[in-house]
file target.cif (mmCIF, C-alpha atoms (C1' of nucleotides))
data_upload
loop_
_atom_site.label_atom_id
_atom_site.label_comp_id
_atom_site.auth_asym_id
_atom_site.auth_seq_id
_atom_site.Cartn_x
_atom_site.Cartn_y
_atom_site.Cartn_z
CA MET Z 29 15.07 -0.69 -21.54
CA LYS Z 30 12.23 -0.38 -19.01
CA SER Z 31 13.89 2.58 -17.27
CA LYS Z 32 12.63 3.40 -13.80
CA GLN Z 33 9.48 5.52 -13.50
CA THR Z 34 7.73 7.11 -10.57
CA ALA Z 35 4.99 5.05 -9.00
CA ARG Z 36 2.46 7.41 -10.46
CA MET Z 37 3.76 7.15 -14.00
CA GLU Z 38 3.56 3.38 -13.62
CA ASP Z 39 -0.09 3.76 -12.67
CA TYR Z 40 -0.77 5.66 -15.86
CA LEU Z 41 1.04 3.12 -18.01
CA GLU Z 42 -0.82 0.27 -16.35
CA ALA Z 43 -4.17 1.99 -16.81
CA ILE Z 44 -3.46 2.67 -20.47
CA TYR Z 45 -2.33 -0.90 -21.01
CA GLU Z 46 -5.44 -2.34 -19.43
CA LEU Z 47 -7.81 0.05 -21.16
CA GLN Z 48 -6.33 -0.90 -24.51
CA LYS Z 49 -6.94 -4.54 -23.71
CA GLU Z 50 -10.40 -4.08 -22.29
CA GLU Z 51 -11.83 -1.34 -24.46
CA GLY Z 52 -9.63 -1.26 -27.51
CA VAL Z 53 -8.38 2.27 -26.93
CA ALA Z 54 -7.35 4.48 -24.03
CA ARG Z 55 -8.79 8.00 -23.95
CA VAL Z 56 -7.90 10.87 -21.65
CA SER Z 57 -11.33 10.59 -20.10
CA SER Z 58 -11.23 6.85 -19.49
CA ILE Z 59 -7.77 7.07 -17.95
CA GLY Z 60 -8.97 9.81 -15.63
CA ARG Z 61 -12.00 7.80 -14.66
CA ARG Z 62 -9.92 4.74 -13.87
CA LEU Z 63 -7.34 6.59 -11.82
CA GLN Z 64 -9.83 8.97 -10.25
CA VAL Z 65 -8.15 12.15 -11.42
CA THR Z 66 -9.35 15.02 -13.59
CA MET Z 67 -8.57 15.31 -17.29
CA PRO Z 68 -6.03 18.11 -16.93
CA THR Z 69 -4.14 15.87 -14.56
CA VAL Z 70 -4.15 13.08 -17.11
CA ASN Z 71 -3.00 15.56 -19.69
CA SER Z 72 0.04 16.63 -17.79
CA ALA Z 73 0.91 13.02 -17.06
CA ILE Z 74 0.59 12.16 -20.74
CA ASN Z 75 2.88 15.03 -21.60
CA ARG Z 76 5.54 13.84 -19.22
CA LEU Z 77 5.20 10.30 -20.54
CA SER Z 78 5.45 11.59 -24.09
CA GLU Z 79 8.72 13.32 -23.35
CA LYS Z 80 10.06 10.03 -22.09
CA LYS Z 81 8.84 8.29 -25.22
CA LEU Z 82 6.56 5.96 -23.31
CA VAL Z 83 3.33 7.02 -24.99
CA LYS Z 84 2.24 8.65 -28.24
CA HIS Z 85 -0.59 11.14 -28.25
CA ASP Z 86 -1.94 13.60 -30.83
CA ARG Z 87 -4.29 16.38 -29.77
CA TYR Z 88 -7.78 14.99 -29.21
CA GLY Z 89 -6.64 11.53 -30.17
CA ASP Z 90 -6.23 8.15 -28.47
CA VAL Z 91 -3.37 7.55 -26.11
CA GLU Z 92 -1.06 4.85 -27.36
CA LEU Z 93 1.83 3.04 -25.75
CA THR Z 94 5.25 2.84 -27.33
CA ARG Z 95 7.08 -0.45 -27.21
CA GLU Z 96 8.80 0.52 -23.98
CA GLY Z 97 5.65 1.92 -22.42
CA LEU Z 98 3.83 -1.28 -23.21
CA GLU Z 99 6.49 -3.39 -21.57
CA ILE Z 100 6.26 -1.38 -18.39
CA GLY Z 101 2.47 -1.33 -18.38
CA ARG Z 102 2.25 -5.06 -18.89
CA GLU Z 103 4.79 -5.71 -16.18
CA VAL Z 104 2.98 -3.57 -13.64
CA SER Z 105 -0.30 -5.17 -14.57
CA ARG Z 106 1.19 -8.60 -14.03
CA ARG Z 107 2.57 -7.67 -10.62
CA HIS Z 108 -0.83 -6.31 -9.77
CA ARG Z 109 -2.57 -9.54 -10.66
CA VAL Z 110 -0.19 -11.70 -8.67
CA LEU Z 111 -0.46 -9.45 -5.67
CA THR Z 112 -4.22 -9.47 -5.75
CA LEU Z 113 -4.19 -13.26 -5.83
CA PHE Z 114 -1.77 -13.42 -2.96
CA LEU Z 115 -3.76 -11.03 -0.83
CA SER Z 116 -7.16 -12.51 -1.49
CA ARG Z 117 -6.50 -16.21 -1.92
CA ILE Z 118 -3.56 -16.82 0.35
CA LEU Z 119 -3.61 -14.10 2.97
CA GLY Z 120 -7.38 -14.15 2.86
CA VAL Z 121 -8.19 -10.44 2.99
CA ASP Z 122 -11.48 -9.27 1.53
CA GLU Z 123 -11.89 -8.30 -2.13
CA GLU Z 124 -12.04 -4.58 -1.58
CA THR Z 125 -8.95 -4.46 0.61
CA SER Z 126 -6.88 -6.67 -1.64
CA ARG Z 127 -7.82 -4.59 -4.64
CA ARG Z 128 -6.82 -1.38 -2.93
CA ASP Z 129 -3.63 -2.68 -1.34
CA ALA Z 130 -2.48 -4.34 -4.55
CA CYS Z 131 -2.70 -0.98 -6.32
CA GLU Z 132 -0.31 0.51 -3.87
CA ILE Z 133 2.07 -2.33 -3.29
CA GLU Z 134 2.58 -3.15 -6.95
CA HIS Z 135 4.97 -0.22 -7.28
CA SER Z 136 7.13 -1.30 -4.41
CA LEU Z 137 7.92 -4.81 -5.52
CA SER Z 138 11.42 -5.25 -6.84
CA PRO Z 139 11.73 -7.67 -9.76
CA LYS Z 140 13.30 -10.24 -7.46
CA THR Z 141 10.47 -10.11 -4.98
CA ALA Z 142 7.83 -10.06 -7.70
CA ASP Z 143 9.43 -13.11 -9.20
CA ARG Z 144 9.43 -15.03 -5.94
CA LEU Z 145 5.91 -14.00 -5.14
CA THR Z 146 4.69 -15.13 -8.54
CA SER Z 147 6.31 -18.45 -7.91
CA LEU Z 148 4.76 -18.76 -4.46
CA VAL Z 149 1.31 -17.94 -5.74
CA GLU Z 150 1.63 -20.50 -8.52
CA PHE Z 151 3.03 -23.06 -6.15
CA ILE Z 152 0.13 -22.71 -3.78
CA LEU Z 153 -2.79 -22.09 -6.08
CA ASP Z 154 -1.86 -24.63 -8.72
CA ALA Z 155 -1.16 -27.35 -6.18
CA PRO Z 156 -2.73 -30.73 -6.95
CA ARG Z 157 -4.70 -30.42 -3.71
CA GLN Z 158 -5.61 -27.46 -1.55
CA PRO Z 159 -2.70 -27.28 0.88
CA GLU Z 160 -3.64 -28.23 4.38
CA TRP Z 161 -1.59 -25.52 6.00
CA LEU Z 162 -3.66 -22.86 4.25
CA ARG Z 163 -6.78 -24.16 5.93
CA ASN Z 164 -4.84 -24.34 9.16
CA PHE Z 165 -3.74 -20.75 8.80
CA ASP Z 166 -7.29 -19.64 8.40
CA TYR Z 167 -8.15 -21.50 11.57
CA TYR Z 168 -5.18 -19.93 13.31
CA TYR Z 169 -6.20 -16.45 12.21
CA ARG Z 170 -9.75 -16.90 13.40
CA HIS Z 171 -9.07 -18.72 16.65
CA GLY Z 172 -5.62 -17.44 17.58
CA LYS Z 173 -4.31 -20.97 17.89
CA ARG Z 174 -3.41 -23.90 15.69
CA PRO Z 175 -5.81 -26.76 15.09
CA ARG Z 176 -4.95 -29.84 17.10
CA LYS Z 177 -3.57 -31.85 14.19
CA CYS Z 178 -0.66 -29.43 13.74
CA TYR Z 179 0.75 -30.94 16.90
CA GLU Z 180 -0.52 -34.48 16.51
CA ARG Z 181 1.54 -35.13 13.43
CA PHE Z 182 4.71 -33.66 14.87
CA ASP Z 183 6.60 -36.92 15.27
CA GLU Z 184 5.43 -38.63 12.14
CA GLU Z 185 6.77 -35.93 9.86
CA GLU Z 186 9.83 -34.50 11.45
CA GLY Z 187 11.28 -37.68 12.94
CA MET P 27 -6.39 9.30 16.19
CA LYS P 28 -3.56 8.09 13.92
CA SER P 29 -4.76 10.27 11.05
CA LYS P 30 -3.44 9.40 7.62
CA GLN P 31 0.02 10.67 6.64
CA THR P 32 1.95 10.61 3.42
CA ALA P 33 4.32 7.68 2.98
CA ARG P 34 7.23 10.03 3.47
CA MET P 35 5.92 11.46 6.73
CA GLU P 36 5.52 7.90 7.95
CA ASP P 37 9.17 7.30 7.14
CA TYR P 38 10.19 10.22 9.29
CA LEU P 39 8.02 9.12 12.18
CA GLU P 40 9.37 5.60 11.95
CA ALA P 41 12.96 6.83 11.85
CA ILE P 42 12.43 9.07 14.86
CA TYR P 43 10.73 6.27 16.76
CA GLU P 44 13.56 3.86 16.09
CA LEU P 45 16.30 6.36 16.80
CA GLN P 46 14.73 7.12 20.16
CA LYS P 47 14.72 3.44 20.98
CA GLU P 48 18.20 2.73 19.67
CA GLU P 49 20.09 5.88 20.61
CA GLY P 50 17.95 7.54 23.23
CA VAL P 51 17.29 10.65 21.16
CA ALA P 52 16.59 11.59 17.56
CA ARG P 53 18.58 14.49 16.11
CA VAL P 54 18.13 16.26 12.80
CA SER P 55 21.46 14.83 11.68
CA SER P 56 20.76 11.23 12.66
CA ILE P 57 17.36 11.31 11.00
CA GLY P 58 18.94 12.60 7.82
CA ARG P 59 21.61 9.94 7.93
CA ARG P 60 19.06 7.18 8.36
CA LEU P 61 16.77 8.37 5.59
CA GLN P 62 19.58 9.48 3.31
CA VAL P 63 18.46 13.07 2.99
CA THR P 64 20.12 16.38 3.84
CA MET P 65 19.47 18.30 7.03
CA PRO P 66 17.40 21.05 5.41
CA THR P 67 15.13 18.34 4.09
CA VAL P 68 14.74 16.90 7.56
CA ASN P 69 14.02 20.38 8.80
CA SER P 70 11.17 20.99 6.46
CA ALA P 71 9.73 17.58 7.22
CA ILE P 72 9.94 18.29 10.94
CA ASN P 73 8.16 21.58 10.40
CA ARG P 74 5.32 19.91 8.57
CA LEU P 75 5.10 17.24 11.26
CA SER P 76 5.08 19.92 13.94
CA GLU P 77 2.14 21.66 12.35
CA LYS P 78 0.28 18.39 12.49
CA LYS P 79 1.24 17.96 16.14
CA LEU P 80 3.08 14.72 15.49
CA VAL P 81 6.47 15.89 16.76
CA LYS P 82 7.85 18.52 19.12
CA HIS P 83 11.05 20.33 18.27
CA ASP P 84 12.83 23.39 19.69
CA ARG P 85 15.59 25.09 17.69
CA TYR P 86 18.79 23.10 17.95
CA GLY P 87 17.11 20.56 20.18
CA ASP P 88 16.13 16.90 20.02
CA VAL P 89 13.19 15.83 17.95
CA GLU P 90 10.48 14.28 20.08
CA LEU P 91 7.31 12.43 19.20
CA THR P 92 3.92 13.42 20.51
CA ARG P 93 1.59 10.70 21.67
CA GLU P 94 0.02 10.47 18.24
CA GLY P 95 3.35 10.59 16.41
CA LEU P 96 4.63 7.79 18.57
CA GLU P 97 1.64 5.62 17.81
CA ILE P 98 2.16 6.03 14.09
CA GLY P 99 5.92 5.51 14.27
CA ARG P 100 5.53 2.35 16.30
CA GLU P 101 2.89 1.00 13.97
CA VAL P 102 4.98 1.59 10.87
CA SER P 103 7.99 0.06 12.54
CA ARG P 104 5.96 -3.01 13.39
CA ARG P 105 4.69 -3.41 9.83
CA HIS P 106 8.23 -3.05 8.65
CA ARG P 107 9.47 -5.85 10.88
CA VAL P 108 6.75 -8.25 9.84
CA LEU P 109 7.29 -7.52 6.18
CA THR P 110 11.00 -8.06 6.43
CA LEU P 111 10.39 -11.42 8.05
CA PHE P 112 7.89 -12.40 5.42
CA LEU P 113 10.16 -11.43 2.56
CA SER P 114 13.32 -13.00 3.89
CA ARG P 115 12.12 -16.04 5.78
CA ILE P 116 9.05 -17.07 3.84
CA LEU P 117 9.42 -15.72 0.35
CA GLY P 118 13.14 -16.30 0.60
CA VAL P 119 14.50 -13.13 -1.01
CA ASP P 120 17.97 -11.99 -0.04
CA GLU P 121 18.65 -9.68 2.90
CA GLU P 122 19.35 -6.58 0.88
CA THR P 123 16.25 -6.90 -1.28
CA SER P 124 13.93 -7.65 1.60
CA ARG P 125 15.28 -4.70 3.53
CA ARG P 126 14.73 -2.34 0.62
CA ASP P 127 11.34 -3.69 -0.42
CA ALA P 128 10.04 -3.68 3.14
CA CYS P 129 10.85 0.03 3.39
CA GLU P 130 8.62 0.73 0.44
CA ILE P 131 5.82 -1.71 1.01
CA GLU P 132 5.31 -0.86 4.67
CA HIS P 133 3.41 2.28 3.65
CA SER P 134 1.02 0.45 1.44
CA LEU P 135 -0.27 -2.13 3.88
CA SER P 136 -3.73 -1.43 5.15
CA PRO P 137 -4.32 -2.35 8.79
CA LYS P 138 -6.34 -5.36 7.70
CA THR P 139 -3.61 -6.72 5.49
CA ALA P 140 -0.91 -5.97 8.02
CA ASP P 141 -2.92 -7.84 10.59
CA ARG P 142 -3.33 -10.90 8.40
CA LEU P 143 0.30 -10.84 7.37
CA THR P 144 1.43 -10.65 10.97
CA SER P 145 -0.69 -13.64 11.71
CA LEU P 146 0.67 -15.57 8.74
CA VAL P 147 4.25 -14.84 9.70
CA GLU P 148 3.62 -15.95 13.27
CA PHE P 149 1.78 -19.01 12.09
CA ILE P 150 4.62 -20.12 9.90
CA LEU P 151 7.67 -19.06 11.84
CA ASP P 152 6.45 -20.13 15.25
CA ALA P 153 5.26 -23.50 14.02
CA PRO P 154 6.29 -26.45 16.14
CA ARG P 155 8.20 -27.82 13.13
CA GLN P 156 9.47 -26.22 9.96
CA PRO P 157 6.55 -26.60 7.57
CA GLU P 158 7.22 -29.03 4.80
CA TRP P 159 5.56 -26.91 2.14
CA LEU P 160 8.08 -24.16 2.76
CA ARG P 161 10.89 -26.51 1.84
CA ASN P 162 8.84 -27.69 -1.11
CA PHE P 163 8.31 -24.14 -2.26
CA ASP P 164 12.02 -23.52 -2.24
CA TYR P 165 12.47 -26.64 -4.34
CA TYR P 166 9.72 -25.46 -6.68
CA TYR P 167 11.30 -22.05 -7.07
CA ARG P 168 14.70 -23.47 -7.83
CA HIS P 169 13.61 -26.33 -10.07
CA GLY P 170 10.39 -25.03 -11.58
CA LYS P 171 8.53 -28.16 -10.47
CA ARG P 172 7.26 -29.73 -7.29
CA PRO P 173 9.21 -32.43 -5.50
CA ARG P 174 7.82 -35.89 -6.12
CA LYS P 175 6.21 -36.29 -2.72
CA CYS P 176 3.75 -33.47 -3.40
CA TYR P 177 2.01 -35.86 -5.73
CA GLU P 178 2.69 -39.10 -3.90
CA ARG P 179 0.57 -38.13 -0.97
CA PHE P 180 -2.32 -36.88 -3.05
CA ASP P 181 -4.74 -39.74 -2.34
CA GLU P 182 -3.85 -40.21 1.29
CA GLU P 183 -4.75 -36.64 2.23
CA GLU P 184 -7.49 -35.48 -0.01
CA GLY P 185 -9.46 -38.69 -0.42
"C1'" DA M 18 39.31 31.05 25.70
"C1'" DT M 19 39.57 30.65 21.12
"C1'" DA M 20 39.70 28.22 16.98
"C1'" DA M 21 38.08 24.38 14.38
"C1'" DT M 22 34.47 21.21 13.50
"C1'" DA M 23 30.00 19.44 13.73
"C1'" DT M 24 25.34 20.38 13.78
"C1'" DG M 25 21.28 23.07 12.67
"C1'" DT M 26 18.55 26.73 10.11
"C1'" DT M 27 16.95 29.89 6.36
"C1'" DA M 28 16.27 31.19 1.74
"C1'" DG M 29 15.42 30.07 -2.67
"C1'" DA M 30 14.94 26.89 -6.43
"C1'" DG M 31 13.04 22.74 -9.09
"C1'" DC M 32 10.19 18.81 -10.08
"C1'" DT M 33 5.97 15.87 -9.51
"C1'" DA M 34 1.30 15.68 -9.06
"C1'" DT M 35 -2.77 17.52 -8.33
"C1'" DC M 36 -6.66 20.94 -8.71
"C1'" DT M 37 -10.16 24.72 -10.74
"C1'" DA M 38 -11.55 27.92 -14.23
"C1'" DA M 39 -11.72 29.10 -18.80
"C1'" DC M 40 -11.48 27.92 -23.40
"C1'" DA M 41 -11.50 24.67 -27.71
"C1'" DT M 42 -12.84 20.82 -30.43
"C1'" DA M 43 -15.57 16.65 -31.53
"C1'" DT M 44 -19.67 14.00 -31.47
"C1'" DA M 45 -24.48 13.20 -31.08
"C1'" DA M 46 -29.30 14.72 -31.40
"C1'" DG M 47 -32.65 17.53 -33.17
"C1'" DC D 9 -26.59 21.75 -40.27
"C1'" DT D 10 -26.79 23.74 -36.14
"C1'" DT D 11 -26.99 23.21 -31.33
"C1'" DA D 12 -26.10 20.79 -27.08
"C1'" DT D 13 -23.16 17.74 -24.75
"C1'" DA D 14 -19.14 15.30 -24.04
"C1'" DT D 15 -14.41 15.34 -24.36
"C1'" DG D 16 -9.94 17.54 -24.39
"C1'" DT D 17 -6.55 21.42 -23.56
"C1'" DT D 18 -4.27 25.55 -21.45
"C1'" DA D 19 -3.16 28.49 -17.76
"C1'" DG D 20 -2.26 29.24 -13.26
"C1'" DA D 21 -2.36 27.84 -8.37
"C1'" DT D 22 -1.04 24.83 -4.43
"C1'" DA D 23 1.31 21.27 -1.79
"C1'" DG D 24 4.99 17.78 -0.96
"C1'" DC D 25 9.69 16.74 -0.97
"C1'" DT D 26 13.97 17.43 -2.28
"C1'" DC D 27 18.31 20.05 -3.19
"C1'" DT D 28 22.42 23.75 -2.71
"C1'" DA D 29 24.35 27.85 -0.81
"C1'" DA D 30 24.80 30.80 2.88
"C1'" DC D 31 24.49 31.69 7.52
"C1'" DA D 32 24.05 30.57 12.78
"C1'" DT D 33 24.80 28.02 16.87
"C1'" DA D 34 26.95 24.25 19.65
"C1'" DT D 35 30.59 21.24 20.83
"C1'" DT D 36 35.30 19.74 20.95
"C1'" DA D 37 40.13 20.19 21.03
"C1'" DT D 38 44.13 22.78 21.71
#

call {"tool": "encode", "arguments": {"input": "target.cif", "output": "structure tokens"}}
result
Amino acid sequence: MKSKQTARMEDYLEAIYELQKEEGVARVSSIGRRLQVTMPTVNSAINRLSEKKLVKHDRYGDVELTREGLEIGREVSRRHRVLTLFLSRILGVDEETSRRDACEIEHSLSPKTADRLTSLVEFILDAPRQPEWLRNFDYYYRHGKRPRKCYERFDEEEG
Amino acid sequence: MKSKQTARMEDYLEAIYELQKEEGVARVSSIGRRLQVTMPTVNSAINRLSEKKLVKHDRYGDVELTREGLEIGREVSRRHRVLTLFLSRILGVDEETSRRDACEIEHSLSPKTADRLTSLVEFILDAPRQPEWLRNFDYYYRHGKRPRKCYERFDEEEG
DNA sequence: ATAATATGTTAGAGCTATCTAACATATAAG
DNA sequence: CTTATATGTTAGATAGCTCTAACATATTAT
């Protein structure tokens, strides 16, 4: 299934998914806190999600994910994690920025792109040694030019 | 200035900016065609942008960017280009996907991230030789494991 | 010059997502 | 057990972005 949701609905599903993992249950209040919206806003979101059978919610009770809602929430959460890693560890942006940007971008990644990005992040971060080019990129970003050895080894490698 | 707009308003500014460059002028019809919306929709967008002094538009006339509108449109267009390059040339996703994803993601990139990404794309694509790791990543993506030489050279480089 | 076509505008509707104010229920503290 | 506080819900408003239908103006072709 995993029918397409609006970016915002994905945010709610992700928040609920993560709250369930972290705190056991997701409540209207905790969802609101996490997403920085008021409780009535959460309520109307929950109602829309209920209609689509993505969550279950009884008056004054916990918010629970259906099978389909859980799949979406987990997926979004996964994309989020990969993106954060990419932004902070590879691109090298600061914590705060990568956290904020990841929240936004996660909704725009097609499955294909998410898949490739996951692979890239694994490839780089699980490498048996820290890749040299990553250090070189950092140098390039800071100095606006490549370190000398990028040129030195030209012939050796490409010849 | 470059005050913050909604993602959708950014789309309109970008479209107008690019139409001006490509076709000399931006018309309600050409904007609609590019963004795949009807003319009344373009109209209401233009009105909102006018109120914010980002475009100028007389009845039945061309749509023009103000100084501030132009700055935003150019910026978004730039982010778009860099993203497309990153997705297609580095991540290696197909044309169609990178075009579509770039359209979405461009609105979510903070200036900091866009800046870093631009630098990364330059660093990689303008390199004096095609970086070996990029070929290795492609191998990794297709085969699920690193090519042998990633390990072979372990001691040489890191020791 | 007039008719046909393309382009542009207005009016009105619908949905998402948000808010505040007012009210209702649960939970904790005394 | 009653009161105070925290949590949750309903109602009603606003704003963005989109549409269709109806109407208006420009442009093109005959």

call {"tool": "interface_residues", "arguments": {"input": "target.cif", "of": "chain Z", "to": "chain D", "cutoff": "12 Å", "atoms": "all atoms listed in the file", "output": "list in words"}}
result
Arg55, Val56, Ser57, Ser58, Gly60, Thr66, Met67, Pro68, Thr69, Val70, Asn71, Ser72, Asn75, His85, Asp86, Arg87, Tyr88, Gly89 and Asp90 of chain Z

call {"tool": "interface_residues", "arguments": {"input": "target.cif", "of": "chain Z", "to": "chain P", "cutoff": "6 Å", "atoms": "only C-alpha atoms", "output": "PyMOL selection string"}}
result
chain Z and resi 132-133+136

call {"tool": "write_last_selection", "arguments": {"input": "target.cif", "atoms": "C-alpha atoms", "output": "PDB file, in the coordinates of the input"}}
result
ATOM      1  CA  GLU Z 132      -0.310   0.510  -3.870  1.00  0.00           C
ATOM      2  CA  ILE Z 133       2.070  -2.330  -3.290  1.00  0.00           C
ATOM      3  CA  SER Z 136       7.130  -1.300  -4.410  1.00  0.00           C
TER       4      SER Z 136
END

call {"tool": "closest_residue", "arguments": {"input": "target.cif", "among": "Z:Ala73, Z:Ala54, Z:Ala43, Z:Val104", "to": "chain M", "atoms": "all atoms listed in the file"}}
result
Z:Ala73

call {"tool": "resolve_selection", "arguments": {"input": "target.cif", "expression": "the PyMOL selection byres ((chain M) within 12 of (chain Z))", "output": "VMD selection string"}}
result
chain M and resid 32 to 38 41 to 43

call {"tool": "write_last_selection", "arguments": {"input": "target.cif", "atoms": "C-alpha atoms (C1' of nucleotides)", "output": "PDB file, in the frame of the given file"}}
result
ATOM      1  C1'  DC M  32      10.190  18.810 -10.080  1.00  0.00           C
ATOM      2  C1'  DT M  33       5.970  15.870  -9.510  1.00  0.00           C
ATOM      3  C1'  DA M  34       1.300  15.680  -9.060  1.00  0.00           C
ATOM      4  C1'  DT M  35      -2.770  17.520  -8.330  1.00  0.00           C
ATOM      5  C1'  DC M  36      -6.660  20.940  -8.710  1.00  0.00           C
ATOM      6  C1'  DT M  37     -10.160  24.720 -10.740  1.00  0.00           C
ATOM      7  C1'  DA M  38     -11.550  27.920 -14.230  1.00  0.00           C
ATOM      8  C1'  DA M  41     -11.500  24.670 -27.710  1.00  0.00           C
ATOM      9  C1'  DT M  42     -12.840  20.820 -30.430  1.00  0.00           C
ATOM     10  C1'  DA M  43     -15.570  16.650 -31.530  1.00  0.00           C
TER      11       DA M  43
END

call {"tool": "resolve_selection", "arguments": {"input": "target.cif", "expression": "the PyMOL selection byres ((chain P and resi 28) around 9)", "output": "VMD selection string"}}
result
chain P and resid 27 29 to 31 94 to 95 97 to 98

call {"tool": "atom_distance", "arguments": {"input": "target.cif", "atom1": "atom CA of Glu40 of chain P", "atom2": "atom CA of Phe112 of chain P"}}
result
19.2 Å

call {"tool": "atom_distance", "arguments": {"input": "target.cif", "atom1": "atom CA of Arg102 of chain Z", "atom2": "atom CA of Arg117 of chain Z"}}
result
22.1 Å

call {"tool": "atom_distance", "arguments": {"input": "target.cif", "atom1": "atom CA of Asp37 of chain P", "atom2": "atom CA of Leu91 of chain P"}}
result
13.2 Å

call {"tool": "closest_residue", "arguments": {"input": "target.cif", "among": "P:Leu96, P:Leu75, P:Val81, P:Leu109", "to": "Tyr43 of chain P", "atoms": "only C-alpha atoms"}}
result
P:Leu96

call {"tool": "axis_aligned_box", "arguments": {"input": "target.cif", "around": "segment 50-66 of chain Z", "padding_each_side": "3 Å", "output": "lines of an AutoDock Vina configuration file"}}
result
center_x = -9.7
center_y = 5.5
center_z = -18.9
size_x = 10.7
size_y = 25.1
size_z = 23.3

call {"tool": "build_atoms", "arguments": {"input": "target.cif", "residues": "segment 138-153 of chain P", "atoms": "N, CA and C atoms", "output": "CSV table (one decimal), keeping the file's coordinate frame"}}
result
chain,number,residue,atom,x,y,z
P,138,LYS,N,-5.8,-4.0,7.9
P,138,LYS,CA,-6.3,-5.4,7.7
P,138,LYS,C,-5.3,-6.3,7.2
P,139,THR,N,-4.6,-5.9,6.1
P,139,THR,CA,-3.6,-6.7,5.5
P,139,THR,C,-2.4,-6.9,6.4
P,140,ALA,N,-2.0,-5.9,7.1
P,140,ALA,CA,-0.9,-6.0,8.0
P,140,ALA,C,-1.2,-7.0,9.1
P,141,ASP,N,-2.5,-7.0,9.5
P,141,ASP,CA,-2.9,-7.8,10.6
P,141,ASP,C,-2.8,-9.3,10.2
P,142,ARG,N,-3.4,-9.5,9.0
P,142,ARG,CA,-3.3,-10.9,8.4
P,142,ARG,C,-1.9,-11.4,8.2
P,143,LEU,N,-1.1,-10.5,7.7
P,143,LEU,CA,0.3,-10.8,7.4
P,143,LEU,C,1.1,-11.2,8.7
P,144,THR,N,0.8,-10.4,9.7
P,144,THR,CA,1.4,-10.6,11.0
P,144,THR,C,1.1,-12.1,11.4
P,145,SER,N,-0.2,-12.3,11.3
P,145,SER,CA,-0.7,-13.6,11.7
P,145,SER,C,0.0,-14.8,10.9
P,146,LEU,N,0.1,-14.6,9.6
P,146,LEU,CA,0.7,-15.6,8.7
P,146,LEU,C,2.1,-15.8,9.1
P,147,VAL,N,2.8,-14.7,9.3
P,147,VAL,CA,4.2,-14.8,9.7
P,147,VAL,C,4.4,-15.6,11.0
P,148,GLU,N,3.6,-15.2,12.0
P,148,GLU,CA,3.6,-16.0,13.3
P,148,GLU,C,3.3,-17.4,13.1
P,149,PHE,N,2.2,-17.6,12.3
P,149,PHE,CA,1.8,-19.0,12.1
P,149,PHE,C,2.9,-19.9,11.5
P,150,ILE,N,3.6,-19.3,10.6
P,150,ILE,CA,4.6,-20.1,9.9
P,150,ILE,C,5.9,-20.2,10.7
P,151,LEU,N,6.4,-19.1,11.2
P,151,LEU,CA,7.7,-19.1,11.8
P,151,LEU,C,7.7,-19.6,13.3
P,152,ASP,N,6.5,-19.6,13.9
P,152,ASP,CA,6.4,-20.1,15.2
P,152,ASP,C,5.9,-21.6,15.3
P,153,ALA,N,5.8,-22.1,14.1
P,153,ALA,CA,5.3,-23.5,14.0
P,153,ALA,C,6.1,-24.5,14.8
